[in-house]
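S.K.: The structure's right below; bear with me while I get my questions together.
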Protein chains: 2
Amino acid sequence: MPRASTLIDPFTAVAEPKRRQLLGTLGQREMPVSDIICELGWPQVMVSKHLAVLRQVGLVSVRRDGRRRIYNVNADNIKPIYDWAKTFEKFWDHNLSRIKQRAEAAAKQSKPTLHKEKP
Amino acid sequence: MPRASTLIDPFTAVAEPKRRQLLGTLGQREMPVSDIICELGWPQVMVSKHLAVLRQVGLVSVRRDGRRRIYNVNADNIKPIYDWAKTFEKFWDHNLSRIKQRAEAAAKQSKPTLHKEKP
DNA sequence: TTGACATATTCCTATGATGGTATATATTAT
DNA sequence: ATAATATATACCATCATAGGAATATGTCAA
């Protein structure tokens, strides 16, 4: 299989910088497509297609308002990304708080398989 | 440009599920490629190539040990992902704690548009 | 109805990433 | 030097996807 994932998970959806931008914009306030177009300055089709992707993955939700569609962030599906990244916090959080035990346990007790060779 | 970014930033690198798996494995402890191969059960070439990508983006670092290469996570470059995702925490963190002020300030001053329905 | 407006979808193409196979490089052992 | 081990790189084929253009759908107004 020549290429793994697609648009089924938030990670791939968010890999596209434009989609992060879009989410950032929507994060400020819910808005209709026209506003997004205005704020980002992209062609309408581009906005609509990126929105379609984000919708598929469930990162945004829509509701209709006349001929407009009001989009807003569905942040629950961003949380998995946050959670995943957070599993590495022990590496950058050096003045540990409650994570102390867990982090130290995991990080330090790996034996010195580090830089010794077969004698 | 038909298809935007590639393997230049952590987001795209981490979009590949296998690479997240790999990072998760390396997150436990630093290890040589052979151990990764063993733990994940992937063909060697696959591991090496995914590592190459992660290296390019700076998500892992290597050091040599004889004919082995010891890899470990370079978590500093995962933090941008964490930070980005964290900007949406106001949406899912409803029983706020210390983030209260900040979250509320940011979230509330745009109207309570969170889960409105079609009228 | 017709027309204007707002947004979505279909079709097309080019790029480039992924996985596989084979091969190259580097290091240690004999 | 040769072989064995450990890992990386080059080459190839497939196929998903971003973007563009054109078009479709849906909604309000006259």
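Starting from 1 in every chain, residues are counted up; chains themselves are A, B, ... following the order of the structure tokens, and ligands are numbered from 1 as listed.
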Any chance you could tabulate, as CSV, the residues of chain C at most 10 Å from chain B with each one's nearest atom pair and distance in Å to one decimal, using only C-alpha atoms (C1' of nucleotides), in chain and rising number order?
M.R.:
```
residue,atom,partner,partner_atom,distance
C:DT13,C1',B:Pro2,CA,8.7
C:DA14,C1',B:Pro2,CA,6.2
C:DT15,C1',B:Pro2,CA,5.9
C:DG16,C1',B:Arg3,CA,8.1
C:DA17,C1',B:Thr6,CA,8.1
C:DT18,C1',B:Met46,CA,9.4
C:DG19,C1',B:Met46,CA,7.5
C:DG20,C1',B:Val45,CA,9.1
C:DA26,C1',B:Arg67,CA,6.9
C:DT27,C1',B:Arg67,CA,5.0
C:DT28,C1',B:Arg67,CA,7.7
```
S.K.: Should the cut-off be 6 Å, what would the residue list for chain B against chain A look like, counting only C-alpha atoms, as a PyMOL selection string?
M.R.: chain B and resi 11-12+15+65+75+82+85+91+110
S.K.: Save out the residues we just selected, N, CA and C atoms, as a tab-separated table (two decimals), in the first residue's frame.
M.R.:
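Output below, filename again38.tsv:
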```tsv
chain	number	residue	atom	x	y	z
B	11	PHE	N	4.39	18.76	12.12
B	11	PHE	CA	3.00	18.38	11.90
B	11	PHE	C	2.87	17.34	10.78
B	12	THR	N	3.52	17.61	9.69
B	12	THR	CA	3.43	16.67	8.58
B	12	THR	C	4.14	15.36	8.91
B	15	ALA	N	1.96	13.26	10.97
B	15	ALA	CA	0.69	12.87	10.36
B	15	ALA	C	0.69	11.39	10.03
B	65	ASP	N	27.21	4.58	17.99
B	65	ASP	CA	27.78	3.70	19.00
B	65	ASP	C	28.29	2.49	18.26
B	75	ALA	N	12.16	15.91	21.88
B	75	ALA	CA	10.79	16.31	22.18
B	75	ALA	C	10.55	17.80	22.04
B	82	TYR	N	2.02	20.46	20.55
B	82	TYR	CA	1.31	20.60	21.82
B	82	TYR	C	0.78	22.01	21.99
B	85	ALA	N	-2.17	22.74	19.64
B	85	ALA	CA	-3.41	22.09	20.08
B	85	ALA	C	-3.94	22.76	21.35
B	91	PHE	N	-11.95	25.28	24.61
B	91	PHE	CA	-13.19	24.71	24.11
B	91	PHE	C	-13.55	23.40	24.81
B	110	SER	N	-16.05	36.27	22.71
B	110	SER	CA	-16.76	36.03	21.48
B	110	SER	C	-18.03	35.33	21.93
```
S.K.: When you count only C-alpha atoms, which of these residues is closest to A:Gln21: A:Leu40, A:Ile8, A:Ile70, A:Ala52?
M.R.: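 Smallest distance to A:Gln21 is found for A:Leu40.
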S.K.: Suppose you want the space between atom C1' of C:DC5 and atom CA of A:Val47; what is it in Å?
M.R.: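 These two atoms are separated by 17.1 Å.
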S.K.: Counting only C-alpha atoms (C1' of nucleotides), a student should be able to say which residues of chain D come within 9 Å of chain A; what is the right answer, written as a PDB file with N, CA and C atoms (P, O5', C5', C4', C3', O3' and C1' of nucleotides), in the first residue's frame?
M.R.:
```
ATOM      1  P    DA D  13       9.073   1.374 -12.643  1.00  0.00           P
ATOM      2  O5'  DA D  13       7.744   1.202 -11.789  1.00  0.00           O
ATOM      3  C5'  DA D  13       7.524  -0.012 -11.066  1.00  0.00           C
ATOM      4  C4'  DA D  13       6.354   0.188 -10.123  1.00  0.00           C
ATOM      5  C3'  DA D  13       5.138   0.811 -10.802  1.00  0.00           C
ATOM      6  O3'  DA D  13       4.015  -0.033 -10.595  1.00  0.00           O
ATOM      7  C1'  DA D  13       5.770   2.081  -8.872  1.00  0.00           C
ATOM      8  P    DT D  14       2.580   0.410 -11.140  1.00  0.00           P
ATOM      9  O5'  DT D  14       1.891   1.015  -9.839  1.00  0.00           O
ATOM     10  C5'  DT D  14       2.000   0.291  -8.619  1.00  0.00           C
ATOM     11  C4'  DT D  14       1.389   1.098  -7.482  1.00  0.00           C
ATOM     12  C3'  DT D  14       0.020   1.700  -7.812  1.00  0.00           C
ATOM     13  O3'  DT D  14      -0.796   1.497  -6.677  1.00  0.00           O
ATOM     14  C1'  DT D  14       1.458   3.396  -7.061  1.00  0.00           C
ATOM     15  P    DC D  15      -2.373   1.445  -6.788  1.00  0.00           P
ATOM     16  O5'  DC D  15      -2.813   2.740  -5.979  1.00  0.00           O
ATOM     17  C5'  DC D  15      -2.140   3.047  -4.752  1.00  0.00           C
ATOM     18  C4'  DC D  15      -2.327   4.504  -4.420  1.00  0.00           C
ATOM     19  C3'  DC D  15      -3.641   5.100  -4.948  1.00  0.00           C
ATOM     20  O3'  DC D  15      -4.092   6.008  -3.977  1.00  0.00           O
ATOM     21  C1'  DC D  15      -1.885   6.422  -5.624  1.00  0.00           C
ATOM     22  P    DA D  16      -5.557   5.863  -3.397  1.00  0.00           P
ATOM     23  O5'  DA D  16      -5.575   7.027  -2.320  1.00  0.00           O
ATOM     24  C5'  DA D  16      -4.622   6.980  -1.270  1.00  0.00           C
ATOM     25  C4'  DA D  16      -4.121   8.367  -0.964  1.00  0.00           C
ATOM     26  C3'  DA D  16      -5.228   9.403  -0.811  1.00  0.00           C
ATOM     27  O3'  DA D  16      -4.832  10.292   0.216  1.00  0.00           O
ATOM     28  C1'  DA D  16      -3.754  10.078  -2.518  1.00  0.00           C
ATOM     29  P    DT D  17      -5.926  11.197   0.869  1.00  0.00           P
ATOM     30  O5'  DT D  17      -5.436  12.627   0.358  1.00  0.00           O
ATOM     31  C5'  DT D  17      -4.103  13.015   0.609  1.00  0.00           C
ATOM     32  C4'  DT D  17      -3.770  14.210  -0.244  1.00  0.00           C
ATOM     33  C3'  DT D  17      -4.868  15.268  -0.266  1.00  0.00           C
ATOM     34  O3'  DT D  17      -4.263  16.527  -0.103  1.00  0.00           O
ATOM     35  C1'  DT D  17      -4.182  14.773  -2.433  1.00  0.00           C
ATOM     36  P    DG D  19      -3.678  23.917  -1.467  1.00  0.00           P
ATOM     37  O5'  DG D  19      -4.013  24.136  -3.005  1.00  0.00           O
ATOM     38  C5'  DG D  19      -2.957  24.165  -3.941  1.00  0.00           C
ATOM     39  C4'  DG D  19      -3.501  24.286  -5.339  1.00  0.00           C
ATOM     40  C3'  DG D  19      -4.581  25.372  -5.496  1.00  0.00           C
ATOM     41  O3'  DG D  19      -4.173  26.280  -6.499  1.00  0.00           O
ATOM     42  C1'  DG D  19      -5.283  23.314  -6.457  1.00  0.00           C
ATOM     43  P    DG D  26     -29.986  20.435  -3.061  1.00  0.00           P
ATOM     44  O5'  DG D  26     -30.119  21.812  -2.256  1.00  0.00           O
ATOM     45  C5'  DG D  26     -29.060  22.189  -1.381  1.00  0.00           C
ATOM     46  C4'  DG D  26     -29.193  23.659  -1.042  1.00  0.00           C
ATOM     47  C3'  DG D  26     -30.632  24.118  -0.773  1.00  0.00           C
ATOM     48  O3'  DG D  26     -30.622  24.846   0.437  1.00  0.00           O
ATOM     49  C1'  DG D  26     -29.579  25.572  -2.274  1.00  0.00           C
ATOM     50  P    DT D  27     -31.950  25.062   1.225  1.00  0.00           P
ATOM     51  O5'  DT D  27     -32.052  26.646   1.132  1.00  0.00           O
ATOM     52  C5'  DT D  27     -30.981  27.408   1.656  1.00  0.00           C
ATOM     53  C4'  DT D  27     -31.125  28.854   1.251  1.00  0.00           C
ATOM     54  C3'  DT D  27     -32.531  29.432   1.457  1.00  0.00           C
ATOM     55  O3'  DT D  27     -32.383  30.649   2.160  1.00  0.00           O
ATOM     56  C1'  DT D  27     -31.735  29.946  -0.674  1.00  0.00           C
ATOM     57  P    DC D  28     -33.594  31.134   3.072  1.00  0.00           P
ATOM     58  O5'  DC D  28     -33.877  32.570   2.418  1.00  0.00           O
ATOM     59  C5'  DC D  28     -32.927  33.598   2.631  1.00  0.00           C
ATOM     60  C4'  DC D  28     -32.931  34.546   1.445  1.00  0.00           C
ATOM     61  C3'  DC D  28     -34.198  35.406   1.348  1.00  0.00           C
ATOM     62  O3'  DC D  28     -33.811  36.767   1.482  1.00  0.00           O
ATOM     63  C1'  DC D  28     -33.548  34.512  -0.769  1.00  0.00           C
TER      64       DC D  28
END
```
S.K.: Could you give me, as JSON, numbers by chain, each residue of stretch 11-100 of chain A that DSSP assigns to helix (DSSP H, G or I) when run on this structure's backbone?
M.R.: {"A": [11, 12, 13, 14, 15, 17, 18, 19, 20, 21, 22, 23, 24, 25, 26, 27, 28, 33, 34, 35, 36, 37, 38, 39, 40, 44, 45, 46, 47, 48, 49, 50, 51, 52, 53, 54, 55, 56, 57, 75, 76, 77, 79, 80, 81, 82, 83, 84, 85, 86, 89, 90, 91, 92, 100]}
S.K.: Quick one: pick out all strand (DSSP E or B) residues within stretch 21-96 of chain A from a backbone DSSP run and write them as a VMD selection string.
M.R.: chain A and resid 31 to 32 60 to 65 68 to 73
S.K.: As a count of residues only, please: the residues near A:Pro32 (cut-off 6 Å, only C-alpha atoms (C1' of nucleotides), same-chain neighbours under 2 positions excluded).
M.R.: 5
S.K.: I want to know what sits within 10 Å of stretch 10-12 of chain D, based on only C-alpha atoms (C1' of nucleotides), with residues of the same chain fewer than 6 positions away left out; could you give that as a PyMOL selection string?
M.R.: chain C and resi 20-24
S.K.: Produce a file of the selected residues containing C-alpha atoms (C1' of nucleotides), as a tab-separated table (two decimals), in the first residue's frame.
M.R.:
```
chain	number	residue	atom	x	y	z
C	20	DG	C1'	9.43	-2.55	-1.74
C	21	DT	C1'	13.72	-4.37	-3.64
C	22	DA	C1'	18.28	-3.85	-4.16
C	23	DT	C1'	22.41	-1.74	-3.01
C	24	DA	C1'	25.68	1.26	-0.53
```
S.K.: Take atom C1' of C:DT25 and atom C1' of D:DA3 and report the distance between them in Å, one decimal.
M.R.: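 Atom-to-atom, atom C1' of C:DT25 to atom C1' of D:DA3, that is 15.3 Å.
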